[in-house]
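J.: The structure under discussion is supplied below as structure tokens; questions concerning it will follow.
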Amino acid sequence: MEDVKSNNSSIKNYDIESRSNLEDSNRIDLCNNSRRVVPEPVPAMETYMTVMQTYQSPLTKAKEYPPMQTLLLAYQSLGVVYGDLATSPVNVFSSTRLTNLTEDDLLGTFSLIFWTLTLLVLVKYVFIVLHANDHGEGGTFALYSYLCRHINFQSKLSIHNVRMESDESMAYYSQESGSSRRSKTKKFLEKSSTAQNVLTFVVLLGTCMVIGDGALTPATCVLSALQGIQSLSSKITQDHVVFMSVIMLIALFTFQRCGTSKVSFCFTPVMLLWFATNVSVGIYNILEYYPSVLKAISPHYIVKFVSRNGKTAWNLLGAVFLSITGAEAMFADLGHFNKRAIQLAFSFVVYPSLVLSYAGETAYLVRYPENINNAYYSSLPKPVYWPMFVISTLAAVVASQSMISATFSIVKQSLALGCFPRVNIIHTSSKHEGQIYSPEVNYILMILCVTLVLGFKGGVELANAYGVVVIWVMIITTFLTALVMLIIWKTNIILILAFFLPYIIIEGCFMTSLLNKIPQGGWVPFAISAFFLTIMLSWTYGRSKKKEYEADRKMSLPDLDQMLSSYSTYRAPGICFFFTDLRNGIPPIICHYIQHTNSVREILVIVTVRTLPIKTVLVEERYNVGKTGVEGFYRCLIQFGYKDSQSMEGDDFVTLMITKLQDQAESTSEKRKIDAAAERGPVFVLGRTILKANKGWFARFTIEYLYRFLQKNSRAAISALQIPPDKTLQVGMVYEI
């Protein structure tokens, strides 16, 4: 026990020093373009071993970008984030299907579009929701993760709880003073497993809906863009359009591997040209047909329109909502850029362009209301019709990019929270951690898009499915943002209600109107969402059962010491690196290994590997070794940056680890034992667990079919590690739950 006390003392000293230098821990090293990260200590405890989480101060500042880099990111975001939102003027008026139009009807419709854009996108997302990000990441999962850093979730279904009991003493997690309403809400969420399960389910549902929209948007955008080609010749049939759409989709998804920067480099000029031409045409139409159209900005035109049309106005909300499809992608794509860049791009380019485009269409329709079924293309001046047709076709193809990028970001967040099967995440930029690409997710989306195009052949069902699930994502975002305002931001309750109630009412009206589309094809995104929800719930349920099993059966250090003595375990010469993703205690699989082999190497190092959200970790800070208090047993935390090579082949890794172990040795005999073990060579042991359910048909079906299928077809937890195959041993264990 002296070893344990000595090691604990050194850990405490180290922890105090590391906390006093929190500002230095986030310093950017200009010499090698890497952030210095204070390595996590690996403490030894009397009852169990724990790999500590990095202490993150609430005062830690987010990464700041120079003005020129922010402007560059704002420019790039035009081709990635806003394609779907920017191309909405092509579809909105033609989807209204109004008859016997009057001037007041058109002005009322434009007023509805203007205030929908202003309230739901500009005010809600740009000025409020974008601030509720989790270290620069956006989306429903980012909101959930943001809440998890302030609420101690403990239910079995909760997503990847990273909080520890020892964290409660930290100022970051302490019960700081605040309103009684805030404290009661926080305590209720922490104590109610039902509330936690409901919140987790809602977050998973919202995430799957975004992914479902990510599969539907490319198919709809590409198909609608290419359907205009039929006007060139009567010989071009719908089958030709479907074939060209499939080719275009395959090319689009193949291009994703180039990364966000290269995609935006190609797509942004198209969108910039689109915005410029739309502004020009909009101003021309306003001046030519109805110069006073901007008076419809006054909301009293909405009141007049609703009172005159009644149920027809309510049905119209479904078409008006098409003007903001893609707004949720603006939040979900936040990790690819930054908050300021997205705010600048929307406020000064996208928003004015959209307002002038809709105003120009309205002005034209006041003069020619009979052309509402093809409002956008009819409003184009004849000399620029074909150039604008080409630009709009290219812009519609680009429009699908926002949801593809958003899906990549959401899957990455899901992986970080442990509720999505492990897939390969490739960082395509060394400067921006959020710019990523996932081959598996990319090709799954491509297959879904191609299937939708071939299955519906561009029918009305596919058009009706567009944007139906987005309103549900917005409602979930409103609810989660209100929780953030109450629990984290400590906003006055009056301001919270001023945010929550109006937006719930507005979004509720849109939601009830969009329900009419579900029987007419709107069920498609719900079906896709249900498919991904089944995957995520099965994986989350299986992982929770696995963690529950390991938590109940993990072995303390005294128990391990007693087992080694009572079994007369043979200590074979050599050194063993046993890899596990369990951060608390001795994993059951190690006890399983020792019991069935009745032997263990003289030196056994339990290794946990984690990847930090920075480009690289300095070599001297990458490996953190601590003693456990059991003779010959050590714990090691290896921390990599997302661009670091995770190679353990060759002699460099073993030599470095031996040096680290020597630094922990407190006697000459211990150093000699480490040297002797190193001379006999290392062995790398990987654990593999299989879950087996013994009770209940639901548990057996979920665990033994769904979860096991996902486990077999997903990447291993340490698949990125390059371990010498001739020195690798895999140990399996069945967890009976």
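Identifiers in this document derive from the order of the structure tokens: chains are assigned A, B, ..., residues are numbered from 1 separately in each chain, and ligands are numbered from 1 in order of occurrence.
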Show which residues sit within 12 Å of Met648 of chain A, as a list of chain:residue names. Count only C-alpha atoms, and ignore same-chain residues fewer than 6 positions away.

T.: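 Here the answer would be A:Phe577, A:Ile638, A:Val654, A:Thr655, A:Leu656, A:Met657, A:Pro682, A:Val683, A:Phe684, A:Ile718, A:Ala720, A:Leu721, A:Gln722, A:Ile723, A:Pro724, A:Pro725, A:Lys727, A:Thr728.
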
J.: Quick one: residues within 8 Å of segment 109-124 of chain A, only C-alpha atoms counted, chain neighbours fewer than 3 positions away excluded, as an MDAnalysis selection string?

T.: chainID A and resid 105:106 127:129 296:299 301:302 305 320:321 323:324 327 346:347 351 355 358:359 362 503

J.: In Å, how far is it from atom CA of Thr217 of chain A to atom CA of Ser414 of chain A?

T.: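 That distance, rounded to one decimal, is 20.9 Å.
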
J.: Can you tell me how far atom CA of Leu514 of chain A sits from atom CA of Met209 of chain A, in Å to one decimal?

T.: 14.9 Å
